[in-house]
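Please read the structure below before turning to the comments.
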Amino acid sequence: MKKTPIIYGQTIDDQTRCKHYHSKRDIIAIKFRCCKKYYPCYQCHNEAEDHPIVVWERENFLEQAILCGVCKHELTINEYMNSERCPNCASEFNPGCATHYPLYFE
Ligand SMILES: [Zn+2]
Ligand SMILES: [Zn+2]
Ligand SMILES: [Zn+2]
């Protein structure tokens, strides 16, 4: 079995919900390009790191940088942007996250 990546930040459960975002559908973590670490959200990143976020550029959208907190499947950024739910376990993603894309992606 593939090793599950470590999730950094202020998680409050084992499905990557954090103290900032913890609704039923907040079940993904994002790997940040700058430090290559998974955090549940940008606020978790900024509280733990002392560098600014470097967003993913379009040419990196085939990188696996999104983790489903329910089944721990890793999605590429492209897959994530084009899915409403996890392709592996069918858990629904939070559509509200789309408003935060500019914080993470070009
Ligand atoms: Zn970083
Ligand atoms: Zn957070
Ligand atoms: Zn899943």
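Ordering of the structure tokens sets the chain letters (A, B, ...); residue numbers start at 1 within each chain; ligands are numbered from 1 in the order shown.
Each residue with an atom within 9 Å of any atom of ligand 3 appears in the list, which was built counting only C-alpha atoms and all ligand atoms: Ile27, Ile28, Leu67, Cys68, Gly69, Val70, Cys71, Lys72, His73, Glu74, Arg85, Cys86, Pro87, Asn88, Cys89, Ala90, Ser91 and Glu92 of chain A.
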I need the chosen residues saved as a PDB file, in the first residue's frame, with N, CA and C atoms.
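After the write, part_27.pdb holds the following:
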```pdb
ATOM      1  N   ILE A  27     -12.610  18.150   2.898  1.00  0.00           N
ATOM      2  CA  ILE A  27     -11.903  16.882   3.049  1.00  0.00           C
ATOM      3  C   ILE A  27     -10.677  16.782   2.157  1.00  0.00           C
ATOM      4  N   ILE A  28     -10.112  17.917   1.782  1.00  0.00           N
ATOM      5  CA  ILE A  28      -8.884  17.786   1.004  1.00  0.00           C
ATOM      6  C   ILE A  28      -7.743  18.547   1.663  1.00  0.00           C
ATOM      7  N   LEU A  67      -4.887  15.906  -1.874  1.00  0.00           N
ATOM      8  CA  LEU A  67      -5.109  14.657  -1.156  1.00  0.00           C
ATOM      9  C   LEU A  67      -6.546  14.586  -0.672  1.00  0.00           C
ATOM     10  N   CYS A  68      -7.231  13.502  -1.020  1.00  0.00           N
ATOM     11  CA  CYS A  68      -8.570  13.265  -0.467  1.00  0.00           C
ATOM     12  C   CYS A  68      -8.402  12.785   0.964  1.00  0.00           C
ATOM     13  N   GLY A  69      -8.986  13.524   1.913  1.00  0.00           N
ATOM     14  CA  GLY A  69      -8.810  13.182   3.326  1.00  0.00           C
ATOM     15  C   GLY A  69      -9.548  11.929   3.738  1.00  0.00           C
ATOM     16  N   VAL A  70     -10.525  11.531   2.944  1.00  0.00           N
ATOM     17  CA  VAL A  70     -11.321  10.358   3.307  1.00  0.00           C
ATOM     18  C   VAL A  70     -10.570   9.070   2.955  1.00  0.00           C
ATOM     19  N   CYS A  71     -10.118   8.967   1.708  1.00  0.00           N
ATOM     20  CA  CYS A  71      -9.481   7.708   1.286  1.00  0.00           C
ATOM     21  C   CYS A  71      -7.978   7.863   1.071  1.00  0.00           C
ATOM     22  N   LYS A  72      -7.457   9.090   1.191  1.00  0.00           N
ATOM     23  CA  LYS A  72      -6.026   9.390   1.045  1.00  0.00           C
ATOM     24  C   LYS A  72      -5.518   9.201  -0.387  1.00  0.00           C
ATOM     25  N   HIS A  73      -6.424   9.241  -1.337  1.00  0.00           N
ATOM     26  CA  HIS A  73      -6.047   9.183  -2.739  1.00  0.00           C
ATOM     27  C   HIS A  73      -5.471  10.539  -3.143  1.00  0.00           C
ATOM     28  N   GLU A  74      -4.406  10.520  -3.952  1.00  0.00           N
ATOM     29  CA  GLU A  74      -3.822  11.780  -4.421  1.00  0.00           C
ATOM     30  C   GLU A  74      -4.291  12.071  -5.836  1.00  0.00           C
ATOM     31  N   ARG A  85     -16.248  15.342  -7.022  1.00  0.00           N
ATOM     32  CA  ARG A  85     -16.056  14.358  -5.962  1.00  0.00           C
ATOM     33  C   ARG A  85     -14.796  13.555  -6.231  1.00  0.00           C
ATOM     34  N   CYS A  86     -14.374  12.849  -5.212  1.00  0.00           N
ATOM     35  CA  CYS A  86     -13.146  12.064  -5.334  1.00  0.00           C
ATOM     36  C   CYS A  86     -13.347  10.927  -6.339  1.00  0.00           C
ATOM     37  N   PRO A  87     -12.443  10.791  -7.310  1.00  0.00           N
ATOM     38  CA  PRO A  87     -12.598   9.721  -8.293  1.00  0.00           C
ATOM     39  C   PRO A  87     -12.399   8.338  -7.682  1.00  0.00           C
ATOM     40  N   ASN A  88     -11.823   8.283  -6.515  1.00  0.00           N
ATOM     41  CA  ASN A  88     -11.550   6.993  -5.883  1.00  0.00           C
ATOM     42  C   ASN A  88     -12.663   6.560  -4.929  1.00  0.00           C
ATOM     43  N   CYS A  89     -13.111   7.458  -4.053  1.00  0.00           N
ATOM     44  CA  CYS A  89     -14.102   7.054  -3.045  1.00  0.00           C
ATOM     45  C   CYS A  89     -15.423   7.786  -3.198  1.00  0.00           C
ATOM     46  N   ALA A  90     -15.514   8.712  -4.157  1.00  0.00           N
ATOM     47  CA  ALA A  90     -16.754   9.427  -4.472  1.00  0.00           C
ATOM     48  C   ALA A  90     -17.215  10.387  -3.382  1.00  0.00           C
ATOM     49  N   SER A  91     -16.370  10.690  -2.427  1.00  0.00           N
ATOM     50  CA  SER A  91     -16.734  11.716  -1.445  1.00  0.00           C
ATOM     51  C   SER A  91     -16.841  13.066  -2.146  1.00  0.00           C
ATOM     52  N   GLU A  92     -17.827  13.844  -1.741  1.00  0.00           N
ATOM     53  CA  GLU A  92     -18.017  15.149  -2.372  1.00  0.00           C
ATOM     54  C   GLU A  92     -17.006  16.161  -1.856  1.00  0.00           C
TER      55      GLU A  92
END
```
task: Mind checking which residues fall within 12 Å of region 103-105 of chain A, counting only C-alpha atoms, ignoring those fewer than 3 positions away in the same chain, and posting them as a PyMOL selection string?
output: chain A and resi 29-34+38-43+45-46+52-61+63+65-66+77-78+80-81+97-100
Output for the residues just chosen: C-alpha atoms as a compact mmCIF listing (two decimals), in the first residue's frame:
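See again-v9.txt below for the written result:
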```
# COMPACT_ATOMS: atom_id res chain seq x y z
CA ALA A 29 -5.34 18.83 1.73
CA ILE A 30 -3.17 20.71 -0.71
CA LYS A 31 0.50 20.21 -1.28
CA PHE A 32 2.14 23.63 -1.49
CA ARG A 33 4.63 24.16 -4.21
CA CYS A 34 6.94 26.23 -2.03
CA TYR A 38 0.43 19.04 2.55
CA TYR A 39 -1.66 21.51 4.52
CA PRO A 40 -5.47 21.54 4.86
CA CYS A 41 -5.64 25.23 3.91
CA TYR A 42 -3.57 28.34 3.23
CA GLN A 43 -4.10 29.65 6.75
CA HIS A 45 0.33 26.98 5.81
CA ASN A 46 0.88 30.59 6.78
CA PRO A 52 4.85 33.29 1.33
CA ILE A 53 2.83 30.76 -0.65
CA VAL A 54 4.10 30.00 -4.14
CA VAL A 55 1.12 29.09 -6.33
CA TRP A 56 1.16 26.20 -8.79
CA GLU A 57 1.61 27.25 -12.38
CA ARG A 58 -0.45 25.85 -15.19
CA GLU A 59 2.37 23.67 -16.45
CA ASN A 60 2.41 21.90 -13.09
CA PHE A 61 -1.26 20.98 -13.09
CA GLU A 63 1.34 17.09 -10.40
CA ALA A 65 -0.90 17.86 -5.19
CA ILE A 66 -4.38 17.25 -3.79
CA ILE A 77 -4.52 19.56 -9.77
CA ASN A 78 -6.19 19.09 -13.14
CA TYR A 80 -9.28 18.08 -8.82
CA MET A 81 -10.37 21.15 -10.75
CA CYS A 97 -13.09 25.87 -2.38
CA ALA A 98 -13.17 27.03 -5.98
CA THR A 99 -13.30 30.61 -4.75
CA HIS A 100 -9.90 30.04 -3.17
```
One-decimal distance in Å that lies between CA of Ala48 (chain A) and atom 1 (Zn, counted along the ligand's line) of ligand 2: 10.2 Å
Per-residue DSSP, chain A, filtered to helix (DSSP H, G or I), as an MDAnalysis selection string: chainID A and resid 42:48 58:60 77:81 95:104
